[in-house]
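Asks: I am attaching a structure below and will ask some questions about it afterwards.
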Amino acid sequence: MRKSRISIKWKTFSIFLIFTIVLLGVLWFFQIVYLDDFYKIIKRQETETVLNNVEELLLSSNDSDDDCSDDIEKIAANHNLGIFITDEDGNSIYNAEYIYNSQMSSLPPFLFEIFYDEAVANGGEAVIEYKGSEMQNKIREVLDSIEKPTEEEDANAGRIAYTIPPKREEPGQFRQNIGDDMAESVIYVRVIDVGSFKQVIMINSVLTPVDATVSTLKAELKYISVIIIIIAFILAVMLSRSLSKSIIKINDGAKKLAAGDYSVKFNSHDYMEVAELSDTLNYATSELGKADSFQKELIANVSHDLRTPLTMIKGYAEVMRDIPGENTPENVQVIIDETERLSGLVNDMLDISKLKAGTITIQPEDYNITESIRHVLERYNKLREVDGYTIDFIYDDEVIVYADEQKMYQVLYNLINNAINYTGDDKKVTVIQKVIDNKLRIEVKDTGQGVKQEDIPYVWDRYYKDSSAHKRAIQGTGLGLSIVKNVLELHGAKYGVFSIKGQGATFWFEITINPFVEEDEE
């Protein structure tokens with residue numbers, strides 16, 4: 001796997017800084033390239049809203065006979081608009097001008113008629129757009145092309161196409177975008193019915209941002225960009241250091257842990273994920289420490305259990321070889337017994353390895369577990385007769401269970417072995433069989449010193465012992481409870497231990513008598 005050459009600190013720093021630069025780039029792009037378009041969209045929406053507000057204001061003032069000129073003035077001032085309200089003949093009713101280079105009140109009558117006719121033709125609304133002073137130029141062209149009609153033409157036509165305004169000093173002067181040939185403007189025209197009369201609302205709005213405003217925005221954007229980059233640089237350094245500091249500490253601790261130092265502590269709690277990782281590593285450190293301790297303990301105990309029978313075998317064999325007459329059946333039996341102990345130890349270790357590896361499977365069948373318990377107890381007849389052990393078996397009826405007979409025999413044998421090894425001076429062990437609905441509960445009790453409450457979770461571990469001095473088992477190899485745990489888990493059985501210090505311990509398990517009955521009921 002290819003190793004990354006960039007630390008998390010510099011990756012975080014780079015990503016944060018690149019994000020800031022991209023963000024500024026997007027901001028510059030939209031401010032410079034699309035400023036005019038955004039301004040036009042916003043200004044159009046604003047003008048349409050004002051148009052609706054003015055219409056509502058006129059209608060409400062007509063109903064209440066209130067003067068709305070001050071309100072119209074405020075609306076025009078707040079939005080920098082020109083609001084010109086006339087009757088259907090073009091006579092001014094309200095006029096509020098807040099565009100410095102435009103004046104709606106200078107609208108020529110014939111142009112008003114054009115706007116009015118277009119609005120009427122469009123259902124009462126019209127939008128007139130133009131750029132710079134092109135409106136004034138069109139007006140001049142129209143005025144220059146219009147010749148005053150003769151009396152004969154007047155008589156034939158019956159009317160004049162557009163009313164020519166009275167003579168004025170500058171007949172073509174309509175003050176719109178004066179001095180700014182690049183400015184874009186729009187005039188919204190709406191014809192409304194106010195009582196029995198028609199009124200025309202004309203709102204003039206400049207769609208092009210003021211040059212001074214654009215220049216100011218660009219200048220501010222330059223300073224803002226520099227400030228943001230500096231702040232982003234500082235924040236990126238601080239954030240990358242803060243984030244990487246915890247990761248670096250955890251990494252250093254993990255290296256110590258990998259080297260076998262189980263005293264290392266992970267105390268990074270800067271962030272939730274880092275805190276969770278620290279807690280997980282602390283738990284892993286604790287468990288690895290325990291596992292290492294158990295491993296050393298296992299090696300020591302196995303070495304002891306192997307050395308003892310080997311020493312006895314060697315000693316008795318040498319005696320039988322060197323001393324005439326010592327080749328007796330008793331000495332041979334000792335060698336056989338110790339050999340069996342060695343064989344049992346090796347077999348138990350192999351069984352545990354297979355169970356842990358998951359290579360052992362159970363082969364359940366119906367069999368009489370009560371009879372199986374009696375067979376197990378028969379193996380301890382010699383202990384009863386010679387050493388004075390009392391092993392009681394309490395049960396009501398014979399029970400047929402669906403389980404692996406050979407594996408369950410091993411469970412029962414190991415539990416009874418454990419009770420014999422740790423029972424009290426009265427050398428008493430009790431086996432109890434109970435049936436609860438479709439469950440079989442087996443309890444194995446001894447009268448020894450019991451198990452400390454804090455040690456109960458560990459009694460199922462290999463070679464667990466409650467004192468530093470290793471005790472040579474009377475029966476078994478010291479691996480029995482670990483085998484019991486794994487076999488019962490293969491059967492899906494519940495198991496546990498109940499103990500009061502000084503009053504012995506009770507090891508128990510519960511197994512389903514007939515699993516097919518529960519499936520049918522479900």
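Residues are referred to by chain and number: the chain letter is A, B, ... according to the order shown in the structure tokens, the number counts from 1 in that chain, and ligands are numbered separately from 1 in the order shown.
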Within 12 Å of Asp387 in chain A, counting only C-alpha atoms, which residues qualify if same-chain residues fewer than 5 places away don't, as a JSON list (two decimals) with C-alpha atoms, in the first residue's frame?
Replies:
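Full text of around-v9.json as output:
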[["chain", "number", "residue", "atom", "x", "y", "z"],
["A", 380, "TYR", "CA", -15.31, -40.65, 40.24],
["A", 381, "ASN", "CA", -16.06, -43.84, 42.16],
["A", 382, "LYS", "CA", -12.38, -44.18, 43.06],
["A", 420, "ILE", "CA", -13.96, -31.40, 42.86],
["A", 425, "ASP", "CA", -12.84, -29.67, 53.36],
["A", 426, "ASP", "CA", -16.10, -31.65, 53.45],
["A", 427, "LYS", "CA", -15.28, -32.80, 49.90],
["A", 428, "LYS", "CA", -18.89, -32.45, 48.85],
["A", 474, "ILE", "CA", -6.89, -33.16, 41.42]]
Asks: Leaving out Ser240 in chain A and any residue of its chain fewer than 6 positions from it, which residues lie within 6 Å of it when counting only C-alpha atoms, given as a count of residues only?
Replies: 3
Asks: Give one line per residue of range 373-472 of chain A that approaches range 498-519 of chain A to at most 12 Å, naming the two atoms of the closest pair and their distance in Å to one decimal, counting only C-alpha atoms; sort by chain then ascending residue number and deliver it as CSV.
Replies:
residue,atom,partner,partner_atom,distance
A:Glu398,CA,A:Ile513,CA,11.9
A:Val399,CA,A:Ile513,CA,8.1
A:Ile400,CA,A:Ile513,CA,7.0
A:Val401,CA,A:Ile513,CA,4.5
A:Tyr402,CA,A:Asn514,CA,5.7
A:Ala403,CA,A:Ile513,CA,8.3
A:Asp404,CA,A:Ile511,CA,11.6
A:Met408,CA,A:Ile511,CA,10.4
A:Val411,CA,A:Phe509,CA,9.9
A:Leu412,CA,A:Phe509,CA,10.1
A:Asn414,CA,A:Phe507,CA,10.9
A:Leu415,CA,A:Phe507,CA,7.3
A:Ile416,CA,A:Phe507,CA,9.4
A:Asn417,CA,A:Phe507,CA,11.6
A:Asn418,CA,A:Phe507,CA,9.3
A:Ala419,CA,A:Ala505,CA,8.2
A:Ile420,CA,A:Ala505,CA,11.5
A:Asn421,CA,A:Gly504,CA,11.9
A:Tyr422,CA,A:Gly504,CA,8.4
A:Thr423,CA,A:Gly504,CA,7.1
A:Gly424,CA,A:Gly504,CA,7.7
A:Asp425,CA,A:Gly504,CA,11.3
A:Asp426,CA,A:Gly504,CA,11.6
A:Lys427,CA,A:Gly504,CA,11.5
A:Lys428,CA,A:Gly504,CA,10.5
A:Val429,CA,A:Thr506,CA,10.0
A:Thr430,CA,A:Thr506,CA,9.3
A:Val431,CA,A:Thr506,CA,9.6
A:Ile432,CA,A:Trp508,CA,9.3
A:Gln433,CA,A:Trp508,CA,10.0
A:Lys434,CA,A:Glu510,CA,9.4
A:Val435,CA,A:Ile513,CA,8.8
A:Ile436,CA,A:Glu510,CA,9.4
A:Asp437,CA,A:Ile513,CA,8.9
A:Asn438,CA,A:Ile513,CA,5.5
A:Lys439,CA,A:Thr512,CA,4.7
A:Leu440,CA,A:Ile511,CA,5.4
A:Arg441,CA,A:Glu510,CA,4.4
A:Ile442,CA,A:Trp508,CA,5.5
A:Glu443,CA,A:Trp508,CA,4.3
A:Val444,CA,A:Phe507,CA,5.3
A:Lys445,CA,A:Thr506,CA,4.4
A:Asp446,CA,A:Gly504,CA,5.3
A:Thr447,CA,A:Gly504,CA,4.2
A:Gly448,CA,A:Gly504,CA,4.3
A:Gln449,CA,A:Gly502,CA,4.2
A:Gly450,CA,A:Gly504,CA,4.1
A:Val451,CA,A:Ser499,CA,5.8
A:Lys452,CA,A:Lys501,CA,6.2
A:Gln453,CA,A:Ser499,CA,7.5
A:Glu454,CA,A:Ser499,CA,11.0
A:Asp455,CA,A:Ser499,CA,10.5
A:Ile456,CA,A:Phe498,CA,8.4
A:Pro457,CA,A:Phe498,CA,11.1
A:Val459,CA,A:Phe507,CA,10.3
A:Trp460,CA,A:Phe507,CA,10.7
A:Asp466,CA,A:Lys501,CA,11.9
Asks: Using only C-alpha atoms, can you tell me which of A:Ser196, A:Thr86, A:Ser64, A:Ser205 comes closest to Lys43 in chain A?
Replies: A:Ser205
